[in-house]
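**Q** Shown below is the structure under consideration.
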Amino acid sequence: MRPMRMRGPAGQPLRDHIAEVAAELFYSDGIHVVGVDRVAAEASVTKRTLYRHYRSKDELIAAALQAAPKVAFPREGSAQDRILGAFEMLERFLTGTRYRGCPFIIYTAELTDRKHPARILIESLAYKRRGWFKARAAEAGASDPEVLSEQLDVLFDGALASGAKRGELKPVAAARAAARILVEGATARRKPAQARASVRRNSPGR
C-alpha cells in the first residue's frame, strides 16, 4: 500500500499546494468555469484527497483567495512616500499578472452571496487596506485621515479595474498623480490654520 501523500512538489503542505493550484486556475479562468475535478487533476491529487483537505468548493475558493496574487505595500519611507509607493507597487503587480487584475474584484464579480466565506474574507481584506491608507494618512498629518483613506482606496480600486480592462498602465499613472494631489491637499490645509492660530495667540492685547 502506497503511503499517503502529505507534501506538494515544493515541499509545502499538500493543503497549501491544492489552494495554490486552485488560486491560479480561478484567477486565470474563473471560479465557475473551473470545477473541483480540474483542480484535483492539476494538483495531481485525487478528488477524495482534495475533499479531505477542503470539505466543499466554497471552502476551497476562500483558501484559494488567500493564496491568490496580491499587491505588496511599501514598508519603508515617509508616510506620503509609502502611499504613492503603493501605486507604484500596483503597477508592478498588474504587469506581473498580465493585467488580469485584482482577485478581490474577480471573486466578488462571480460570488453574489455576501455570506460566502470568500466574500467575507474580501470585505475583511478590503477593510484592512483602507486601514493601511488611514494610518499612513494620519502619519502624513492629513486633516481628515478617514476621508483621505476612502479617496485613496477608491483610486486604488479604480486603477486596478481600469488597468486590467485596458491592459495598460496609464490608469495607474493617473491614479498615482491624483493620489499625490489628494495627499498634498489634505496635509496642506492644516498649516495655514495653525499659522493663524499662532498669530492670534501672539497678537498684542491678548
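The way I read the labels, and the way they are meant: chains A, B, ... in the order of the C-alpha cells, residue 1 as the first residue of every chain, and ligand 1 as the first ligand shown, with later ones counted on from there.
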Against stretch 150-162 of chain A, which residues of stretch 24-96 of chain A fall within 8 Å? For each one I want the closest pair of atoms and the distance in Å (one decimal), counting only C-alpha atoms, rows by chain and increasing residue number, as JSON lines.

**A**
```
{"residue": "A:Phe87", "atom": "CA", "partner": "A:Phe156", "partner_atom": "CA", "distance": 7.1}
{"residue": "A:Leu90", "atom": "CA", "partner": "A:Leu160", "partner_atom": "CA", "distance": 7.5}
{"residue": "A:Leu94", "atom": "CA", "partner": "A:Leu160", "partner_atom": "CA", "distance": 7.6}
```

**Q** Quick one: everything within 9 Å of A:Glu146, counting only C-alpha atoms, minus sequence neighbours fewer than 3 positions away in the same chain. Send it as a CSV table (one decimal) with N, CA, C and O atoms, in the first residue's frame.

**A**
```csv
chain,number,residue,atom,x,y,z
A,130,ARG,N,-8.0,49.7,3.6
A,130,ARG,CA,-8.4,51.1,3.9
A,130,ARG,C,-7.8,51.5,5.2
A,130,ARG,O,-7.4,52.7,5.4
A,131,GLY,N,-7.6,50.6,6.2
A,131,GLY,CA,-7.0,50.9,7.4
A,131,GLY,C,-5.5,51.3,7.2
A,131,GLY,O,-5.0,52.2,7.9
A,133,PHE,N,-4.3,52.7,4.5
A,133,PHE,CA,-4.3,54.1,4.0
A,133,PHE,C,-4.6,55.1,5.1
A,133,PHE,O,-4.0,56.2,5.1
A,134,LYS,N,-5.5,54.8,5.9
A,134,LYS,CA,-5.9,55.7,7.0
A,134,LYS,C,-4.7,55.9,7.9
A,134,LYS,O,-4.5,57.1,8.4
A,137,ALA,N,-2.3,58.1,6.2
A,137,ALA,CA,-2.8,59.5,6.1
A,137,ALA,C,-2.6,60.2,7.4
A,137,ALA,O,-2.3,61.4,7.4
A,138,ALA,N,-2.9,59.6,8.5
A,138,ALA,CA,-2.7,60.2,9.8
A,138,ALA,C,-1.3,60.5,10.1
A,138,ALA,O,-1.0,61.6,10.6
A,149,SER,N,-8.4,58.3,3.3
A,149,SER,CA,-8.2,56.9,3.1
A,149,SER,C,-9.3,56.3,2.2
A,149,SER,O,-9.0,55.5,1.3
A,150,GLU,N,-10.5,56.8,2.3
A,150,GLU,CA,-11.6,56.4,1.4
A,150,GLU,C,-11.3,56.9,0.0
A,150,GLU,O,-11.4,56.1,-1.0
A,151,GLN,N,-10.8,58.1,-0.2
A,151,GLN,CA,-10.5,58.6,-1.5
A,151,GLN,C,-9.3,57.8,-2.1
A,151,GLN,O,-9.4,57.4,-3.3
```

**Q** Need to verify the contact set: stretch 50-63 of chain A, 8 Å, only C-alpha atoms, exclusion of same-chain residues closer than 2 positions in sequence. Can you return it as an mmCIF file with all heavy atoms, in the first residue's frame?

**A**
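Below is the file around_29.cif, written as the result:
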```cif
data_model
loop_
_atom_site.group_PDB
_atom_site.id
_atom_site.type_symbol
_atom_site.label_atom_id
_atom_site.label_comp_id
_atom_site.auth_asym_id
_atom_site.auth_seq_id
_atom_site.Cartn_x
_atom_site.Cartn_y
_atom_site.Cartn_z
ATOM 1 N N ARG A 15 -2.214 20.682 1.576
ATOM 2 C CA ARG A 15 -3.366 21.594 1.621
ATOM 3 C C ARG A 15 -3.014 22.926 0.945
ATOM 4 O O ARG A 15 -3.802 23.458 0.174
ATOM 5 C CB ARG A 15 -3.778 21.826 3.085
ATOM 6 C CG ARG A 15 -4.884 22.847 3.267
ATOM 7 C CD ARG A 15 -5.173 23.070 4.749
ATOM 8 N NE ARG A 15 -6.143 24.143 4.928
ATOM 9 C CZ ARG A 15 -7.448 24.000 4.900
ATOM 10 N NH1 ARG A 15 -7.962 22.789 4.686
ATOM 11 N NH2 ARG A 15 -8.279 25.018 5.072
ATOM 12 N N ILE A 18 -2.713 22.518 -2.939
ATOM 13 C CA ILE A 18 -4.033 22.472 -3.592
ATOM 14 C C ILE A 18 -4.614 23.878 -3.710
ATOM 15 O O ILE A 18 -5.155 24.259 -4.758
ATOM 16 C CB ILE A 18 -4.987 21.551 -2.814
ATOM 17 C CG1 ILE A 18 -4.504 20.103 -2.868
ATOM 18 C CG2 ILE A 18 -6.416 21.651 -3.372
ATOM 19 C CD1 ILE A 18 -5.232 19.156 -1.932
ATOM 20 N N ALA A 19 -4.498 24.665 -2.646
ATOM 21 C CA ALA A 19 -5.015 26.034 -2.663
ATOM 22 C C ALA A 19 -4.279 26.886 -3.693
ATOM 23 O O ALA A 19 -4.891 27.713 -4.388
ATOM 24 C CB ALA A 19 -4.892 26.663 -1.280
ATOM 25 N N ALA A 22 -5.513 25.895 -7.132
ATOM 26 C CA ALA A 22 -6.867 26.429 -7.315
ATOM 27 C C ALA A 22 -6.829 27.932 -7.536
ATOM 28 O O ALA A 22 -7.554 28.469 -8.384
ATOM 29 C CB ALA A 22 -7.718 26.098 -6.088
ATOM 30 N N ALA A 23 -5.965 28.636 -6.794
ATOM 31 C CA ALA A 23 -5.856 30.092 -6.939
ATOM 32 C C ALA A 23 -5.451 30.463 -8.352
ATOM 33 O O ALA A 23 -6.017 31.389 -8.953
ATOM 34 C CB ALA A 23 -4.839 30.634 -5.940
ATOM 35 N N ILE A 31 -13.961 31.295 -11.413
ATOM 36 C CA ILE A 31 -14.380 30.363 -10.361
ATOM 37 C C ILE A 31 -15.397 29.350 -10.857
ATOM 38 O O ILE A 31 -15.287 28.144 -10.594
ATOM 39 C CB ILE A 31 -14.965 31.146 -9.170
ATOM 40 C CG1 ILE A 31 -13.866 31.970 -8.497
ATOM 41 C CG2 ILE A 31 -15.620 30.207 -8.160
ATOM 42 C CD1 ILE A 31 -14.388 32.956 -7.474
ATOM 43 N N VAL A 36 -13.979 21.261 -9.364
ATOM 44 C CA VAL A 36 -13.115 20.573 -8.405
ATOM 45 C C VAL A 36 -12.307 19.469 -9.089
ATOM 46 O O VAL A 36 -11.143 19.231 -8.743
ATOM 47 C CB VAL A 36 -13.966 19.998 -7.252
ATOM 48 C CG1 VAL A 36 -13.111 19.102 -6.350
ATOM 49 C CG2 VAL A 36 -14.583 21.113 -6.435
ATOM 50 N N ALA A 40 -8.231 19.120 -8.839
ATOM 51 C CA ALA A 40 -7.589 17.892 -8.366
ATOM 52 C C ALA A 40 -6.599 17.357 -9.403
ATOM 53 O O ALA A 40 -5.477 16.961 -9.066
ATOM 54 C CB ALA A 40 -8.649 16.840 -8.055
ATOM 55 N N VAL A 45 -3.702 15.266 -7.437
ATOM 56 C CA VAL A 45 -4.256 14.558 -6.273
ATOM 57 C C VAL A 45 -5.606 13.990 -6.691
ATOM 58 O O VAL A 45 -6.193 14.399 -7.694
ATOM 59 C CB VAL A 45 -4.443 15.499 -5.055
ATOM 60 C CG1 VAL A 45 -3.114 16.069 -4.599
ATOM 61 C CG2 VAL A 45 -5.440 16.615 -5.359
ATOM 62 N N THR A 46 -6.086 13.057 -5.914
ATOM 63 C CA THR A 46 -7.408 12.527 -6.189
ATOM 64 C C THR A 46 -8.470 13.492 -5.650
ATOM 65 O O THR A 46 -8.181 14.323 -4.782
ATOM 66 C CB THR A 46 -7.616 11.157 -5.526
ATOM 67 O OG1 THR A 46 -7.568 11.320 -4.087
ATOM 68 C CG2 THR A 46 -6.537 10.170 -5.956
ATOM 69 N N LYS A 47 -9.659 13.367 -6.177
ATOM 70 C CA LYS A 47 -10.761 14.199 -5.701
ATOM 71 C C LYS A 47 -11.032 13.908 -4.223
ATOM 72 O O LYS A 47 -11.354 14.821 -3.446
ATOM 73 C CB LYS A 47 -12.009 13.920 -6.537
ATOM 74 C CG LYS A 47 -13.145 14.898 -6.342
ATOM 75 C CD LYS A 47 -14.249 14.611 -7.349
ATOM 76 C CE LYS A 47 -15.437 15.536 -7.129
ATOM 77 N NZ LYS A 47 -16.504 15.246 -8.125
ATOM 78 N N ARG A 48 -10.859 12.663 -3.839
ATOM 79 C CA ARG A 48 -11.060 12.279 -2.444
ATOM 80 C C ARG A 48 -10.044 12.981 -1.548
ATOM 81 O O ARG A 48 -10.384 13.447 -0.456
ATOM 82 C CB ARG A 48 -10.935 10.760 -2.311
ATOM 83 C CG ARG A 48 -11.153 10.246 -0.897
ATOM 84 C CD ARG A 48 -11.064 8.733 -0.862
ATOM 85 N NE ARG A 48 -11.259 8.220 0.479
ATOM 86 C CZ ARG A 48 -11.204 6.926 0.791
ATOM 87 N NH1 ARG A 48 -10.964 6.029 -0.158
ATOM 88 N NH2 ARG A 48 -11.385 6.537 2.037
ATOM 89 N N LEU A 65 -8.390 32.231 -2.480
ATOM 90 C CA LEU A 65 -8.307 33.693 -2.439
ATOM 91 C C LEU A 65 -7.126 34.139 -1.582
ATOM 92 O O LEU A 65 -6.413 35.079 -1.927
ATOM 93 C CB LEU A 65 -9.600 34.278 -1.893
ATOM 94 C CG LEU A 65 -9.637 35.806 -1.757
ATOM 95 C CD1 LEU A 65 -9.486 36.473 -3.118
ATOM 96 C CD2 LEU A 65 -10.931 36.259 -1.089
ATOM 97 N N GLN A 66 -6.922 33.453 -0.472
ATOM 98 C CA GLN A 66 -5.791 33.794 0.394
ATOM 99 C C GLN A 66 -4.452 33.526 -0.291
ATOM 100 O O GLN A 66 -3.456 34.186 -0.004
ATOM 101 C CB GLN A 66 -5.883 33.011 1.697
ATOM 102 C CG GLN A 66 -7.036 33.456 2.596
ATOM 103 C CD GLN A 66 -7.079 32.703 3.908
ATOM 104 O OE1 GLN A 66 -7.119 31.470 3.917
ATOM 105 N NE2 GLN A 66 -7.062 33.420 5.011
ATOM 106 N N ALA A 67 -4.440 32.546 -1.201
ATOM 107 C CA ALA A 67 -3.216 32.195 -1.907
ATOM 108 C C ALA A 67 -3.049 32.965 -3.220
ATOM 109 O O ALA A 67 -2.011 32.865 -3.859
ATOM 110 C CB ALA A 67 -3.203 30.691 -2.205
ATOM 111 N N HIS A 116 -20.921 34.262 1.503
ATOM 112 C CA HIS A 116 -19.928 33.273 1.057
ATOM 113 C C HIS A 116 -18.629 33.526 1.807
ATOM 114 O O HIS A 116 -18.234 34.679 2.009
ATOM 115 C CB HIS A 116 -19.705 33.412 -0.448
ATOM 116 C CG HIS A 116 -18.899 32.305 -1.046
ATOM 117 N ND1 HIS A 116 -17.528 32.202 -0.884
ATOM 118 C CD2 HIS A 116 -19.264 31.238 -1.801
ATOM 119 C CE1 HIS A 116 -17.094 31.127 -1.512
ATOM 120 N NE2 HIS A 116 -18.116 30.524 -2.088
ATOM 121 N N PRO A 117 -17.934 32.471 2.251
ATOM 122 C CA PRO A 117 -16.695 32.666 3.023
ATOM 123 C C PRO A 117 -15.649 33.514 2.306
ATOM 124 O O PRO A 117 -14.925 34.279 2.943
ATOM 125 C CB PRO A 117 -16.190 31.234 3.267
ATOM 126 C CG PRO A 117 -16.968 30.359 2.333
ATOM 127 C CD PRO A 117 -18.267 31.039 2.131
ATOM 128 N N ALA A 118 -15.588 33.421 0.980
ATOM 129 C CA ALA A 118 -14.632 34.242 0.236
ATOM 130 C C ALA A 118 -15.050 35.706 0.232
ATOM 131 O O ALA A 118 -14.206 36.602 0.315
ATOM 132 C CB ALA A 118 -14.487 33.720 -1.189
ATOM 133 N N LEU A 121 -14.133 37.170 3.511
ATOM 134 C CA LEU A 121 -12.693 37.404 3.540
ATOM 135 C C LEU A 121 -12.325 38.656 2.737
ATOM 136 O O LEU A 121 -11.484 39.453 3.163
ATOM 137 C CB LEU A 121 -11.962 36.186 2.983
ATOM 138 C CG LEU A 121 -10.434 36.283 2.900
ATOM 139 C CD1 LEU A 121 -9.825 36.517 4.276
ATOM 140 C CD2 LEU A 121 -9.861 35.018 2.263
#
```

**Q** Identify all residues of stretch 99-192 of chain A in helix (DSSP H, G or I) (DSSP on the backbone) and supply them as a VMD selection string.

**A** chain A and resid 103 to 110 117 to 139 145 to 166 170 to 188 190 to 192

**Q** Write the selection just made, keeping C-alpha atoms, as a PDB file, in the first residue's frame?

**A**
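Final output, saved to selection33.pdb:
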```
ATOM      1  CA  PRO A 103      -8.554  38.856  -7.222  1.00  0.00           C
ATOM      2  CA  PHE A 104     -10.919  40.718  -4.869  1.00  0.00           C
ATOM      3  CA  ILE A 105     -12.736  42.230  -7.846  1.00  0.00           C
ATOM      4  CA  ILE A 106     -12.674  38.985  -9.837  1.00  0.00           C
ATOM      5  CA  TYR A 107     -14.061  36.880  -6.985  1.00  0.00           C
ATOM      6  CA  THR A 108     -16.662  39.480  -5.992  1.00  0.00           C
ATOM      7  CA  ALA A 109     -17.984  39.605  -9.572  1.00  0.00           C
ATOM      8  CA  GLU A 110     -18.607  35.850  -9.531  1.00  0.00           C
ATOM      9  CA  PRO A 117     -16.695  32.666   3.023  1.00  0.00           C
ATOM     10  CA  ALA A 118     -14.632  34.242   0.236  1.00  0.00           C
ATOM     11  CA  ARG A 119     -16.839  37.362   0.190  1.00  0.00           C
ATOM     12  CA  ILE A 120     -16.461  37.699   3.957  1.00  0.00           C
ATOM     13  CA  LEU A 121     -12.693  37.404   3.540  1.00  0.00           C
ATOM     14  CA  ILE A 122     -12.708  40.022   0.758  1.00  0.00           C
ATOM     15  CA  GLU A 123     -14.546  42.516   2.968  1.00  0.00           C
ATOM     16  CA  SER A 124     -12.049  41.879   5.752  1.00  0.00           C
ATOM     17  CA  LEU A 125      -9.029  42.358   3.483  1.00  0.00           C
ATOM     18  CA  ALA A 126     -10.535  45.479   1.872  1.00  0.00           C
ATOM     19  CA  TYR A 127     -11.154  46.918   5.343  1.00  0.00           C
ATOM     20  CA  LYS A 128      -7.537  46.189   6.231  1.00  0.00           C
ATOM     21  CA  ARG A 129      -6.321  48.003   3.101  1.00  0.00           C
ATOM     22  CA  ARG A 130      -8.403  51.094   3.925  1.00  0.00           C
ATOM     23  CA  GLY A 131      -6.975  50.916   7.430  1.00  0.00           C
ATOM     24  CA  TRP A 132      -3.458  50.966   5.984  1.00  0.00           C
ATOM     25  CA  PHE A 133      -4.257  54.086   3.969  1.00  0.00           C
ATOM     26  CA  LYS A 134      -5.880  55.692   7.005  1.00  0.00           C
ATOM     27  CA  ALA A 135      -2.839  55.040   9.194  1.00  0.00           C
ATOM     28  CA  ARG A 136      -0.497  56.493   6.571  1.00  0.00           C
ATOM     29  CA  ALA A 137      -2.802  59.495   6.093  1.00  0.00           C
ATOM     30  CA  ALA A 138      -2.733  60.174   9.827  1.00  0.00           C
ATOM     31  CA  GLU A 139       1.065  59.870   9.893  1.00  0.00           C
ATOM     32  CA  PRO A 145      -7.480  60.679   7.601  1.00  0.00           C
ATOM     33  CA  GLU A 146     -10.806  58.838   7.296  1.00  0.00           C
ATOM     34  CA  VAL A 147     -11.892  60.799   4.220  1.00  0.00           C
ATOM     35  CA  LEU A 148      -8.446  60.652   2.623  1.00  0.00           C
ATOM     36  CA  SER A 149      -8.228  56.892   3.143  1.00  0.00           C
ATOM     37  CA  GLU A 150     -11.572  56.397   1.391  1.00  0.00           C
ATOM     38  CA  GLN A 151     -10.459  58.593  -1.505  1.00  0.00           C
ATOM     39  CA  LEU A 152      -7.166  56.739  -1.875  1.00  0.00           C
ATOM     40  CA  ASP A 153      -8.867  53.355  -1.685  1.00  0.00           C
ATOM     41  CA  VAL A 154     -11.331  54.317  -4.424  1.00  0.00           C
ATOM     42  CA  LEU A 155      -8.426  55.481  -6.595  1.00  0.00           C
ATOM     43  CA  PHE A 156      -6.561  52.239  -5.926  1.00  0.00           C
ATOM     44  CA  ASP A 157      -9.544  50.044  -6.821  1.00  0.00           C
ATOM     45  CA  GLY A 158     -10.295  52.125  -9.895  1.00  0.00           C
ATOM     46  CA  ALA A 159      -6.723  51.869 -11.133  1.00  0.00           C
ATOM     47  CA  LEU A 160      -6.817  48.099 -10.643  1.00  0.00           C
ATOM     48  CA  ALA A 161     -10.072  47.680 -12.556  1.00  0.00           C
ATOM     49  CA  SER A 162      -9.267  50.134 -15.337  1.00  0.00           C
ATOM     50  CA  GLY A 163      -5.714  48.875 -15.767  1.00  0.00           C
ATOM     51  CA  ALA A 164      -6.981  45.314 -16.100  1.00  0.00           C
ATOM     52  CA  LYS A 165      -9.714  46.257 -18.575  1.00  0.00           C
ATOM     53  CA  ARG A 166      -7.431  48.340 -20.776  1.00  0.00           C
ATOM     54  CA  LYS A 170      -1.969  54.747 -17.942  1.00  0.00           C
ATOM     55  CA  PRO A 171      -4.795  54.418 -15.357  1.00  0.00           C
ATOM     56  CA  VAL A 172      -2.251  53.606 -12.638  1.00  0.00           C
ATOM     57  CA  ALA A 173      -0.092  56.606 -13.541  1.00  0.00           C
ATOM     58  CA  ALA A 174      -3.172  58.832 -13.486  1.00  0.00           C
ATOM     59  CA  ALA A 175      -4.261  57.420 -10.122  1.00  0.00           C
ATOM     60  CA  ARG A 176      -0.811  57.969  -8.634  1.00  0.00           C
ATOM     61  CA  ALA A 177      -0.814  61.602  -9.823  1.00  0.00           C
ATOM     62  CA  ALA A 178      -4.295  62.108  -8.357  1.00  0.00           C
ATOM     63  CA  ALA A 179      -3.191  60.484  -5.090  1.00  0.00           C
ATOM     64  CA  ARG A 180      -0.312  62.937  -4.819  1.00  0.00           C
ATOM     65  CA  ILE A 181      -2.681  65.885  -5.261  1.00  0.00           C
ATOM     66  CA  LEU A 182      -5.074  64.480  -2.654  1.00  0.00           C
ATOM     67  CA  VAL A 183      -2.339  63.831  -0.099  1.00  0.00           C
ATOM     68  CA  GLU A 184      -0.695  67.221  -0.590  1.00  0.00           C
ATOM     69  CA  GLY A 185      -4.064  68.971  -0.367  1.00  0.00           C
ATOM     70  CA  ALA A 186      -5.116  67.088   2.757  1.00  0.00           C
ATOM     71  CA  THR A 187      -1.850  67.729   4.565  1.00  0.00           C
ATOM     72  CA  ALA A 188      -1.533  71.392   3.497  1.00  0.00           C
ATOM     73  CA  ARG A 190      -3.754  72.335   8.492  1.00  0.00           C
ATOM     74  CA  LYS A 191      -0.725  74.576   8.095  1.00  0.00           C
ATOM     75  CA  PRO A 192      -2.474  77.922   7.385  1.00  0.00           C
TER      76      PRO A 192
END
```

**Q** Which of these residues is nearest to A:Ala140, using only C-alpha atoms: A:Asp81, A:Glu88, A:Gly8, A:Val71?

**A**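 Looking only at the distances to A:Ala140, the closest residue turns out to be A:Asp81.
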
**Q** What is the atom CA of A:Leu25 to atom CA of A:Phe73 distance in Å?

**A**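 Going from atom CA of A:Leu25 over to atom CA of A:Phe73, I get 24.6 Å.
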
**Q** Counting only C-alpha atoms, which residue out of A:Lys70, A:Asp16, A:Asp113, A:Ser78 sits closest to A:Arg92?

**A** A:Lys70
